[in-house]
>>> print(open('target17.tsv').read())   # TSV, C-alpha atoms and all ligand atoms
chain	number	residue	atom	x	y	z
A	875	MET	CA	-164.24	25.70	-15.98
A	876	SER	CA	-162.03	23.59	-13.70
A	877	GLU	CA	-161.19	20.12	-14.99
A	878	ASN	CA	-162.54	18.79	-11.70
A	879	SER	CA	-165.91	20.50	-11.88
A	880	ALA	CA	-168.78	18.14	-11.45
A	881	VAL	CA	-172.51	18.39	-11.02
A	882	THR	CA	-175.44	16.07	-10.44
A	883	VAL	CA	-178.81	16.84	-11.99
A	884	LEU	CA	-181.89	15.29	-10.39
A	885	GLY	CA	-185.00	15.54	-12.55
A	886	LEU	CA	-184.92	15.04	-16.30
A	887	GLY	CA	-188.10	16.69	-17.50
A	888	PRO	CA	-187.69	19.16	-20.37
A	889	MET	CA	-185.92	21.68	-18.12
A	890	GLY	CA	-183.76	19.18	-16.24
A	891	ARG	CA	-182.61	17.70	-19.55
A	892	ALA	CA	-181.78	21.19	-20.86
A	893	LEU	CA	-179.76	21.96	-17.71
A	894	ALA	CA	-177.88	18.67	-17.82
A	895	GLY	CA	-177.24	19.08	-21.55
A	896	ALA	CA	-175.73	22.54	-20.98
A	897	PHE	CA	-173.46	21.21	-18.22
A	898	VAL	CA	-172.29	18.35	-20.46
A	899	ALA	CA	-171.72	20.72	-23.38
A	900	ALA	CA	-169.59	22.95	-21.14
A	901	GLY	CA	-167.39	20.02	-20.15
A	902	VAL	CA	-168.68	19.63	-16.58
A	903	ARG	CA	-168.71	16.01	-15.38
A	904	THR	CA	-172.48	15.54	-15.15
A	905	THR	CA	-174.29	12.72	-13.36
A	906	VAL	CA	-178.01	12.41	-13.99
A	907	TRP	CA	-180.99	10.69	-12.39
A	908	ASN	CA	-184.74	10.83	-12.92
A	909	ARG	CA	-187.62	9.17	-11.06
A	910	THR	CA	-188.88	7.50	-14.24
A	911	PRO	CA	-186.07	5.70	-16.01
A	912	GLY	CA	-185.38	6.13	-19.69
A	913	ARG	CA	-185.25	9.93	-19.91
A	914	ASP	CA	-181.45	10.08	-19.92
A	915	GLY	CA	-180.67	8.25	-23.19
A	916	GLU	CA	-179.70	11.29	-25.23
A	917	LEU	CA	-177.74	12.85	-22.35
A	918	VAL	CA	-175.75	9.67	-21.75
A	919	GLY	CA	-175.02	9.59	-25.48
A	920	GLN	CA	-173.58	13.10	-25.09
A	921	GLY	CA	-171.36	12.07	-22.17
A	922	ALA	CA	-173.54	12.33	-19.04
A	923	LEU	CA	-173.13	9.64	-16.39
A	924	ARG	CA	-176.20	7.59	-15.47
A	925	ALA	CA	-176.81	6.94	-11.76
A	926	ALA	CA	-178.90	4.00	-10.60
A	927	SER	CA	-180.46	5.93	-7.71
A	928	ALA	CA	-180.84	9.50	-6.47
A	929	ALA	CA	-178.47	8.75	-3.58
A	930	GLU	CA	-175.82	7.40	-5.95
A	931	ALA	CA	-176.26	10.48	-8.15
A	932	VAL	CA	-175.85	12.88	-5.23
A	933	ALA	CA	-172.74	11.05	-4.00
A	934	ALA	CA	-171.06	11.57	-7.38
A	935	SER	CA	-170.69	15.38	-7.13
A	936	GLU	CA	-170.15	18.12	-4.56
A	937	LEU	CA	-172.93	20.09	-6.25
A	938	THR	CA	-176.44	18.78	-6.96
A	939	VAL	CA	-179.04	20.68	-8.97
A	940	VAL	CA	-182.63	19.50	-8.58
A	941	CYS	CA	-185.25	20.57	-11.12
A	942	VAL	CA	-188.60	18.82	-10.83
A	943	VAL	CA	-192.19	19.99	-11.11
A	944	ASP	CA	-192.53	21.42	-7.57
A	945	TYR	CA	-191.33	21.06	-3.98
A	946	ASP	CA	-193.61	18.12	-3.18
A	947	ALA	CA	-191.76	16.29	-5.93
A	948	ALA	CA	-188.37	17.61	-4.80
A	949	ASP	CA	-189.09	16.60	-1.20
A	950	SER	CA	-190.10	13.10	-2.24
A	951	VAL	CA	-186.70	12.72	-3.91
A	952	LEU	CA	-184.50	14.57	-1.40
A	953	ARG	CA	-186.05	13.64	1.96
A	954	ARG	CA	-185.35	9.93	1.65
A	955	ALA	CA	-182.84	8.90	4.34
A	956	ASP	CA	-180.22	7.65	1.86
A	957	VAL	CA	-180.41	10.82	-0.26
A	958	ALA	CA	-180.31	13.12	2.77
A	959	ALA	CA	-177.27	11.24	4.08
A	960	ALA	CA	-175.50	11.56	0.73
A	961	LEU	CA	-176.30	15.29	0.57
A	962	LYS	CA	-174.78	15.97	4.01
A	963	GLY	CA	-171.88	18.42	3.65
A	964	ARG	CA	-172.62	18.92	-0.05
A	965	THR	CA	-174.38	21.76	-1.87
A	966	LEU	CA	-177.91	21.54	-3.21
A	967	VAL	CA	-179.32	24.10	-5.66
A	968	ASN	CA	-183.08	23.74	-6.05
A	969	LEU	CA	-184.19	25.17	-9.40
A	970	SER	CA	-187.70	23.71	-9.17
A	971	ALA	CA	-190.48	26.29	-9.01
A	972	ASP	CA	-192.76	26.74	-6.00
A	973	THR	CA	-193.70	29.33	-3.38
A	974	PRO	CA	-191.39	31.43	-1.17
A	975	THR	CA	-192.71	29.56	1.87
A	976	ARG	CA	-191.74	26.20	0.38
A	977	ALA	CA	-188.28	27.54	-0.47
A	978	ARG	CA	-187.75	28.68	3.13
A	979	ASP	CA	-189.06	25.35	4.40
A	980	ALA	CA	-186.58	23.54	2.13
A	981	ALA	CA	-183.78	25.73	3.48
A	982	ALA	CA	-184.76	24.87	7.07
A	983	TRP	CA	-184.77	21.16	6.21
A	984	ALA	CA	-181.36	21.50	4.56
A	985	ALA	CA	-179.92	23.29	7.61
A	986	ASP	CA	-181.27	20.53	9.88
A	987	HIS	CA	-179.57	17.91	7.71
A	988	GLY	CA	-176.20	19.62	7.22
A	989	VAL	CA	-176.90	20.37	3.56
A	990	ARG	CA	-175.53	23.61	2.07
A	991	TYR	CA	-178.51	25.11	0.27
A	992	LEU	CA	-179.26	27.61	-2.46
A	993	ASP	CA	-182.67	28.22	-3.93
A	994	GLY	CA	-183.27	29.48	-7.43
A	995	SER	CA	-185.71	29.97	-10.27
A	996	ILE	CA	-185.38	29.84	-14.02
A	997	MET	CA	-187.23	32.66	-15.76
A	998	THR	CA	-186.81	31.59	-19.40
A	999	PRO	CA	-187.77	28.55	-21.52
A	1000	THR	CA	-185.67	25.44	-22.12
A	1001	THR	CA	-184.46	26.76	-25.49
A	1002	THR	CA	-182.54	29.54	-23.72
A	1003	ILE	CA	-180.55	27.20	-21.48
A	1004	GLY	CA	-176.88	27.18	-22.44
A	1005	THR	CA	-177.35	30.39	-24.46
A	1006	PRO	CA	-176.90	34.07	-23.50
A	1007	ASP	CA	-180.70	34.40	-23.22
A	1008	GLY	CA	-181.21	32.28	-20.10
A	1009	VAL	CA	-182.25	34.12	-16.94
A	1010	PHE	CA	-181.51	32.54	-13.55
A	1011	ILE	CA	-182.22	34.06	-10.16
A	1012	HIS	CA	-180.82	32.75	-6.90
A	1013	SER	CA	-181.14	33.31	-3.17
A	1014	GLY	CA	-179.38	31.98	-0.10
A	1015	PRO	CA	-175.88	32.44	1.35
A	1016	LYS	CA	-173.84	34.72	-0.92
A	1017	ASP	CA	-170.55	32.94	-0.23
A	1018	LEU	CA	-172.09	29.61	-1.26
A	1019	TYR	CA	-173.46	31.22	-4.42
A	1020	ASP	CA	-170.05	32.70	-5.26
A	1021	GLU	CA	-168.41	29.33	-4.68
A	1022	HIS	CA	-170.63	27.53	-7.21
A	1023	LEU	CA	-171.16	30.30	-9.72
A	1024	PRO	CA	-168.33	29.11	-12.01
A	1025	VAL	CA	-170.19	25.81	-12.55
A	1026	LEU	CA	-173.61	27.49	-12.78
A	1027	PHE	CA	-172.19	29.73	-15.52
A	1028	ALA	CA	-172.14	26.61	-17.71
A	1029	LEU	CA	-175.92	27.11	-17.96
A	1030	GLY	CA	-175.27	30.35	-19.87
A	1031	GLY	CA	-177.38	33.47	-19.54
A	1032	THR	CA	-177.42	35.83	-16.61
A	1033	HIS	CA	-177.33	34.80	-12.96
A	1034	THR	CA	-178.45	37.21	-10.26
A	1035	HIS	CA	-178.14	36.74	-6.51
A	1036	LEU	CA	-181.19	38.39	-4.93
A	1037	GLY	CA	-180.37	38.07	-1.25
A	1038	GLU	CA	-179.64	35.73	1.63
A	1039	ASP	CA	-183.31	34.99	2.40
A	1040	HIS	CA	-183.91	31.68	0.62
A	1041	GLY	CA	-187.45	32.73	-0.30
A	1042	ARG	CA	-186.40	35.73	-2.42
A	1043	ALA	CA	-185.91	33.94	-5.74
A	1044	ALA	CA	-189.32	32.26	-5.42
A	1045	ALA	CA	-190.87	35.62	-4.45
A	1046	TYR	CA	-189.58	37.14	-7.69
A	1047	ASP	CA	-190.63	34.00	-9.57
A	1048	VAL	CA	-194.27	34.06	-8.45
A	1049	ALA	CA	-194.54	37.81	-9.04
A	1050	LEU	CA	-193.04	37.54	-12.52
A	1051	LEU	CA	-195.08	34.49	-13.47
A	1052	ASP	CA	-198.18	36.35	-12.25
A	1053	ILE	CA	-197.53	38.80	-15.09
A	1054	PHE	CA	-196.73	36.01	-17.52
A	1055	TRP	CA	-199.75	33.80	-16.90
A	1056	THR	CA	-202.34	36.56	-16.79
A	1057	THR	CA	-200.86	37.83	-20.06
A	1058	MET	CA	-201.02	34.33	-21.54
A	1059	ALA	CA	-204.65	34.03	-20.41
A	1060	GLY	CA	-205.35	37.35	-22.12
A	1061	CYS	CA	-203.62	36.20	-25.30
A	1062	ALA	CA	-205.59	32.94	-25.41
A	1063	HIS	CA	-208.85	34.85	-24.91
A	1064	ALA	CA	-207.93	37.54	-27.46
A	1065	LEU	CA	-207.17	34.95	-30.13
A	1066	ALA	CA	-210.55	33.29	-29.51
A	1067	VAL	CA	-212.51	36.58	-29.62
A	1068	ALA	CA	-210.65	37.78	-32.71
A	1069	ARG	CA	-211.25	34.48	-34.52
A	1070	ALA	CA	-214.97	34.60	-33.64
A	1071	GLU	CA	-215.04	38.03	-35.30
A	1072	GLY	CA	-213.32	36.69	-38.42
A	1073	VAL	CA	-209.83	37.96	-37.61
A	1074	THR	CA	-207.26	35.20	-38.12
A	1075	PRO	CA	-204.47	34.55	-35.59
A	1076	GLY	CA	-201.94	35.58	-38.23
A	1077	GLU	CA	-203.73	38.86	-38.83
A	1078	LEU	CA	-203.93	39.66	-35.13
A	1079	ALA	CA	-200.39	38.60	-34.16
A	1080	PRO	CA	-198.44	41.68	-35.40
A	1081	PHE	CA	-200.84	44.00	-33.59
A	1082	ALA	CA	-200.82	41.79	-30.48
A	1083	MET	CA	-197.03	42.06	-30.45
A	1084	GLY	CA	-197.45	45.83	-30.62
A	1085	ILE	CA	-199.54	45.65	-27.43
A	1086	GLY	CA	-196.74	43.58	-25.87
A	1087	ALA	CA	-194.27	46.32	-26.78
A	1088	ILE	CA	-196.30	48.85	-24.76
A	1089	LEU	CA	-195.96	46.78	-21.60
A	1090	PRO	CA	-192.35	47.63	-20.58
A	1091	GLY	CA	-193.23	51.34	-20.34
A	1092	ALA	CA	-196.51	50.58	-18.57
A	1093	ILE	CA	-194.71	48.34	-16.06
A	1094	GLU	CA	-192.09	51.01	-15.41
A	1095	ASP	CA	-194.74	53.70	-14.85
A	1096	MET	CA	-196.86	51.43	-12.66
A	1097	ALA	CA	-193.89	50.41	-10.50
A	1098	ALA	CA	-192.82	54.05	-10.12
A	1099	GLY	CA	-196.38	55.05	-9.16
A	1100	VAL	CA	-196.70	52.31	-6.54
A	1101	ALA	CA	-193.24	53.09	-5.14
A	1102	ALA	CA	-194.12	56.81	-4.85
A	1103	GLY	CA	-197.70	56.27	-3.67
A	1104	ASP	CA	-198.85	58.16	-6.76
A	1105	PHE	CA	-202.02	56.61	-8.18
A	1106	SER	CA	-203.15	59.52	-10.29
A	1107	GLY	CA	-204.97	58.80	-13.51
A	1108	ALA	CA	-204.81	62.15	-15.29
A	1109	ALA	CA	-203.89	60.57	-18.64
A	1110	ASN	CA	-206.08	57.47	-18.29
A	1111	PRO	CA	-208.58	57.31	-15.41
A	1112	ILE	CA	-209.81	53.90	-14.24
A	1113	THR	CA	-213.35	54.79	-15.35
A	1114	SER	CA	-212.02	54.72	-18.91
A	1115	SER	CA	-210.23	51.39	-18.29
A	1116	ALA	CA	-213.47	49.88	-16.93
A	1117	SER	CA	-215.37	51.04	-19.99
A	1118	SER	CA	-212.81	49.42	-22.30
A	1119	MET	CA	-213.07	46.14	-20.35
A	1120	LYS	CA	-216.87	46.15	-20.70
A	1121	HIS	CA	-216.50	46.20	-24.50
A	1122	ILE	CA	-214.25	43.14	-24.37
A	1123	ILE	CA	-216.71	41.26	-22.15
A	1124	ALA	CA	-219.69	42.16	-24.37
A	1125	ALA	CA	-217.90	41.20	-27.60
A	1126	SER	CA	-216.68	37.96	-26.06
A	1127	GLU	CA	-219.94	36.81	-24.49
A	1128	ARG	CA	-221.88	37.60	-27.67
A	1129	HIS	CA	-219.96	34.67	-29.17
A	1130	GLY	CA	-220.43	32.49	-26.10
A	1131	ILE	CA	-216.73	32.88	-25.21
A	1132	ASP	CA	-215.99	32.72	-21.49
A	1133	ALA	CA	-214.88	36.17	-20.30
A	1134	GLY	CA	-214.09	35.08	-16.73
A	1135	VAL	CA	-210.60	36.56	-16.54
A	1136	MET	CA	-211.72	39.90	-17.98
A	1137	ARG	CA	-214.78	39.91	-15.73
A	1138	ALA	CA	-212.48	39.50	-12.72
A	1139	ALA	CA	-210.29	42.41	-13.85
A	1140	ALA	CA	-213.31	44.60	-14.64
A	1141	GLY	CA	-214.78	43.73	-11.24
A	1142	GLN	CA	-211.65	45.05	-9.54
A	1143	ALA	CA	-211.81	48.28	-11.54
A	1144	GLU	CA	-215.50	48.70	-10.66
A	1145	ARG	CA	-214.75	48.22	-6.95
A	1146	VAL	CA	-212.06	50.92	-7.10
A	1147	ILE	CA	-214.55	53.25	-8.77
A	1148	GLY	CA	-217.26	52.31	-6.27
A	1149	LEU	CA	-214.98	53.24	-3.39
A	1150	GLY	CA	-214.60	56.72	-4.82
A	1151	TYR	CA	-211.29	56.52	-6.69
A	1152	GLY	CA	-212.64	56.78	-10.25
A	1153	THR	CA	-210.29	59.60	-11.24
A	1154	ASP	CA	-207.23	57.56	-10.28
A	1155	GLY	CA	-205.41	55.28	-12.71
A	1156	PHE	CA	-205.73	51.50	-13.00
A	1157	VAL	CA	-202.68	51.32	-10.73
A	1158	ARG	CA	-205.08	51.87	-7.79
A	1159	VAL	CA	-206.03	48.20	-8.12
A	1160	THR	CA	-202.74	47.34	-6.38
A	1161	GLU	CA	-204.16	48.98	-3.24
A	1162	LEU	CA	-207.56	47.29	-3.65
A	1163	VAL	CA	-206.19	43.75	-3.92
A	1164	ALA	CA	-203.93	44.36	-0.93
A	1165	GLY	CA	-206.99	45.37	1.14
A	1166	ARG	CA	-205.64	48.89	1.65
A	1167	LEU	CA	-208.40	50.87	-0.02
A	1168	ALA	CA	-210.82	52.62	2.29
A	1169	GLU	CA	-213.84	54.43	0.94
A	1170	ALA	CA	-212.72	57.81	-0.40
A	1171	ALA	CA	-215.69	59.40	1.39
A	1172	ASN	CA	-214.34	58.13	4.72
A	1173	ARG	CA	-210.83	59.46	4.21
A	1174	GLY	CA	-209.81	62.08	6.71
B	1201	LIG	P1	-192.19	19.52	-15.24
B	1201	LIG	O1	-192.56	20.74	-14.48
B	1201	LIG	O2	-193.28	18.73	-15.85
B	1201	LIG	O3	-191.29	18.55	-14.33
B	1201	LIG	C1	-190.96	17.27	-14.76
B	1201	LIG	C2	-189.98	16.65	-13.81
B	1201	LIG	O4	-190.56	16.54	-12.49
B	1201	LIG	C3	-189.62	15.23	-14.24
B	1201	LIG	O5	-188.28	14.98	-13.94
B	1201	LIG	C4	-190.56	14.40	-13.37
B	1201	LIG	O6	-190.13	13.07	-13.18
B	1201	LIG	C5	-190.44	15.18	-12.08
B	1201	LIG	N1	-191.47	14.81	-11.12
B	1201	LIG	C6	-192.79	15.11	-11.16
B	1201	LIG	N2	-193.42	14.60	-10.08
B	1201	LIG	C7	-192.48	13.95	-9.36
B	1201	LIG	C8	-192.50	13.24	-8.13
B	1201	LIG	N3	-193.62	13.10	-7.41
B	1201	LIG	N4	-191.34	12.73	-7.67
B	1201	LIG	C9	-190.19	12.88	-8.38
B	1201	LIG	N5	-190.10	13.54	-9.54
B	1201	LIG	C10	-191.24	14.09	-10.02
B	1201	LIG	O7	-191.22	19.89	-16.47
B	1201	LIG	P2	-189.89	20.77	-16.58
B	1201	LIG	O8	-188.72	19.87	-16.56
B	1201	LIG	O9	-190.04	21.61	-17.79
B	1201	LIG	O10	-189.88	21.75	-15.34
B	1201	LIG	C11	-189.12	21.54	-14.18
B	1201	LIG	C12	-189.15	22.81	-13.35
B	1201	LIG	O11	-188.58	23.86	-14.11
B	1201	LIG	C13	-190.59	23.23	-12.96
B	1201	LIG	O12	-190.60	23.67	-11.64
B	1201	LIG	C14	-190.86	24.36	-13.93
B	1201	LIG	O13	-191.78	25.30	-13.41
B	1201	LIG	C15	-189.47	24.97	-14.10
B	1201	LIG	N6	-189.34	25.74	-15.33
B	1201	LIG	C16	-189.61	25.14	-16.54
B	1201	LIG	C17	-189.55	25.88	-17.70
B	1201	LIG	C18	-189.83	25.26	-19.03
B	1201	LIG	O14	-189.80	26.01	-20.03
B	1201	LIG	N7	-190.04	23.95	-19.14
B	1201	LIG	C19	-189.20	27.33	-17.66
B	1201	LIG	C20	-188.85	27.81	-16.36
B	1201	LIG	C21	-188.95	27.05	-15.24
B	1201	LIG	P3	-190.79	11.88	-14.05
B	1201	LIG	O15	-190.13	11.96	-15.40
B	1201	LIG	O16	-190.46	10.68	-13.26
B	1201	LIG	O17	-192.28	12.15	-14.13
>>> encode(input="target17.tsv", output="structure tokens")
Amino acid sequence: MSENSAVTVLGLGPMGRALAGAFVAAGVRTTVWNRTPGRDGELVGQGALRAASAAEAVAASELTVVCVVDYDAADSVLRRADVAAALKGRTLVNLSADTPTRARDAAAWAADHGVRYLDGSIMTPTTTIGTPDGVFIHSGPKDLYDEHLPVLFALGGTHTHLGEDHGRAAAYDVALLDIFWTTMAGCAHALAVARAEGVTPGELAPFAMGIGAILPGAIEDMAAGVAAGDFSGAANPITSSASSMKHIIAASERHGIDAGVMRAAAGQAERVIGLGYGTDGFVRVTELVAGRLAEAANRG
């Protein structure tokens, strides 16, 4: 780390504080600002510099990292005239989460205002920041990424540049969080159903983790099938998947537990079967949701 390295962190929620703390711990001169005052006490105690305004914070460093709840929040901080003027000619890395479209829109705004811009996403919790377990993905100009990587390395973990299109990191982010949140919804539901059947969370957890351990192989197979256009279900046809889902819905609703998420998944499987693809695997749902599934009977 160069003795002159400096960074500004805008946004001191749990993640912003973790980022700023990692920069400080790595010896980077770190200036911090948050919309609501009073969130920087611990950081300042560790050596961070408090700025009185976002514009003052941005002016303190060549590199600014913003990490707030979403791009509406980021825009409300960054698109003020004084902040935009301070950012001109400097580099902004937006590690807030949002959609690919918002990331591209932010990049267009940055280009219009002479701001050098990288977009990124953080794929791991606050506890991983500053450790080898953090996962950061970035998109935007590769030379700009290379220029600032030495400072970003202070955040620990792995950093991957996914391409020049500013929307790429957010595209990965929404796809990966799609897996995460539907899994979390399944876990919440499973714990409720198990408890209603007299199975304690502690009893279920080791077996639930075993289900989690099956997922990497299932993801690999599913991705390979989609890539190859191979939707065959020889080992596990979707009719069998749909049957399994029905048991979950019945067991759940018998206890008055909302089975909405499972009903949605079962509904997709039933539609695939109804269109004549019952011998295919669950992977056929990828075609259904994309609107690419014609009735098997109508296929040439
Ligand atoms: P939040 O997502 O709750 O974001 C809180 C931050 O957003 C605070 O600094 C808050 O400021 C700011 N904020 C909210 N609304 C506004 C607004 N209108 N104008 C200005 N600032 C606003 O918590 P996190 O810090 O945890 O998350 C930040 C980002 O990091 C999110 O996009 C999140 O998805 C992402 N992330 C978080 C992870 C985590 O484990 N926490 C993991 C991976 C990614 P104020 O204090 O003034 O309300």
>>> atom_distance(input="target17.tsv", atom1="atom CA of A:Leu1149", atom2="atom CA of A:Ala1170")
5.9 Å
>>> atom_distance(input="target17.tsv", atom1="atom CA of A:Thr910", atom2="atom O13 of ligand LIG 1201 (chain B)")
18.1 Å
>>> residues_around(input="target17.tsv", residues="A:Ala977", least_positions_apart="4", cutoff="12 Å", atoms="all atoms listed in the file", output="mmCIF file with C-alpha atoms, in the coordinates of the input")
data_model
loop_
_atom_site.group_PDB
_atom_site.id
_atom_site.type_symbol
_atom_site.label_atom_id
_atom_site.label_comp_id
_atom_site.auth_asym_id
_atom_site.auth_seq_id
_atom_site.Cartn_x
_atom_site.Cartn_y
_atom_site.Cartn_z
ATOM 1 C CA ASP A 944 -192.530 21.420 -7.570
ATOM 2 C CA TYR A 945 -191.330 21.060 -3.980
ATOM 3 C CA ASP A 946 -193.610 18.120 -3.180
ATOM 4 C CA ALA A 948 -188.370 17.610 -4.800
ATOM 5 C CA ASP A 949 -189.090 16.600 -1.200
ATOM 6 C CA VAL A 967 -179.320 24.100 -5.660
ATOM 7 C CA ASN A 968 -183.080 23.740 -6.050
ATOM 8 C CA LEU A 969 -184.190 25.170 -9.400
ATOM 9 C CA SER A 970 -187.700 23.710 -9.170
ATOM 10 C CA ALA A 971 -190.480 26.290 -9.010
ATOM 11 C CA ASP A 972 -192.760 26.740 -6.000
ATOM 12 C CA THR A 973 -193.700 29.330 -3.380
ATOM 13 C CA ALA A 981 -183.780 25.730 3.480
ATOM 14 C CA ALA A 982 -184.760 24.870 7.070
ATOM 15 C CA TRP A 983 -184.770 21.160 6.210
ATOM 16 C CA ALA A 984 -181.360 21.500 4.560
ATOM 17 C CA TYR A 991 -178.510 25.110 0.270
ATOM 18 C CA LEU A 992 -179.260 27.610 -2.460
ATOM 19 C CA ASP A 993 -182.670 28.220 -3.930
ATOM 20 C CA GLY A 994 -183.270 29.480 -7.430
ATOM 21 C CA SER A 995 -185.710 29.970 -10.270
ATOM 22 C CA HIS A 1012 -180.820 32.750 -6.900
ATOM 23 C CA SER A 1013 -181.140 33.310 -3.170
ATOM 24 C CA GLY A 1014 -179.380 31.980 -0.100
ATOM 25 C CA ASP A 1039 -183.310 34.990 2.400
ATOM 26 C CA HIS A 1040 -183.910 31.680 0.620
ATOM 27 C CA GLY A 1041 -187.450 32.730 -0.300
ATOM 28 C CA ARG A 1042 -186.400 35.730 -2.420
ATOM 29 C CA ALA A 1043 -185.910 33.940 -5.740
ATOM 30 C CA ALA A 1044 -189.320 32.260 -5.420
ATOM 31 C CA ALA A 1045 -190.870 35.620 -4.450
ATOM 32 C CA ASP A 1047 -190.630 34.000 -9.570
ATOM 33 C CA VAL A 1048 -194.270 34.060 -8.450
#
>>> residues_near_ligand(input="target17.tsv", ligand="ligand LIG 1201 (chain B)", cutoff="9 Å", atoms="only C-alpha atoms and all ligand atoms", output="ChimeraX atom specification")
/A:884-892,907-913,940-951,969-972,995-1002
>>> atom_distance(input="target17.tsv", atom1="atom CA of A:Met1083", atom2="atom CA of A:Phe1105")
27.1 Å
>>> residues_near_point(input="target17.tsv", point="(-214.1, 55.3, 2.0)", cutoff="12 Å", atoms="all atoms listed in the file", output="PyMOL selection string")
chain A and resi 1145-1151+1162+1166-1174
>>> closest_residue(input="target17.tsv", among="A:Asp1132, A:Glu916, A:Glu1144, A:Glu1161", to="A:Val1067", atoms="only C-alpha atoms")
A:Asp1132
>>> residues_around(input="target17.tsv", residues="A:Thr1113", least_positions_apart="3", cutoff="9 Å", atoms="all atoms listed in the file", output="ChimeraX atom specification")
/A:1110,1116-1118,1143-1144,1147,1152-1156
>>> closest_residue(input="target17.tsv", among="A:Tyr1019, A:Trp1055, A:Phe1027, A:Tyr1046", to="A:Pro974", atoms="all atoms listed in the file")
A:Tyr1046
>>> residues_around(input="target17.tsv", residues="A:Arg1128", least_positions_apart="6", cutoff="12 Å", atoms="all atoms listed in the file", output="list in words")
Val1067, Ala1070, Glu1071, His1121 and Ile1122 of chain A
>>> residues_near_point(input="target17.tsv", point="(-180.3, 32.8, -18.9)", cutoff="6 Å", atoms="all atoms listed in the file", output="ChimeraX atom specification")
/A:1006-1010,1030-1032
>>> write_last_selection(input="target17.tsv", atoms="C-alpha atoms", output="compact mmCIF listing (two decimals), keeping the file's coordinate frame")
# COMPACT_ATOMS: atom_id res chain seq x y z
CA PRO A 1006 -176.90 34.07 -23.50
CA ASP A 1007 -180.70 34.40 -23.22
CA GLY A 1008 -181.21 32.28 -20.10
CA VAL A 1009 -182.25 34.12 -16.94
CA PHE A 1010 -181.51 32.54 -13.55
CA GLY A 1030 -175.27 30.35 -19.87
CA GLY A 1031 -177.38 33.47 -19.54
CA THR A 1032 -177.42 35.83 -16.61
>>> axis_aligned_box(input="target17.tsv", around="stretch 922-927 of chain A", padding_each_side="6 Å", output="lines of an AutoDock Vina configuration file")
center_x = -176.8
center_y = 8.2
center_z = -13.4
size_x = 19.3
size_y = 20.3
size_z = 23.3
>>> closest_residue(input="target17.tsv", among="A:Arg1069, A:His1022, A:Arg1158, A:Arg978", to="A:Gly1107", atoms="all atoms listed in the file")
A:Arg1158
>>> residues_around(input="target17.tsv", residues="stretch 1088-1096 of chain A", least_positions_apart="3", cutoff="12 Å", atoms="only C-alpha atoms", output="PyMOL selection string")
chain A and resi 1050+1053-1054+1057+1081-1085+1099-1107+1110+1155-1160
>>> closest_residue(input="target17.tsv", among="A:Ala1140, A:Val918, A:Val881, A:Leu952", to="A:Ala1124", atoms="all atoms listed in the file")
A:Ala1140
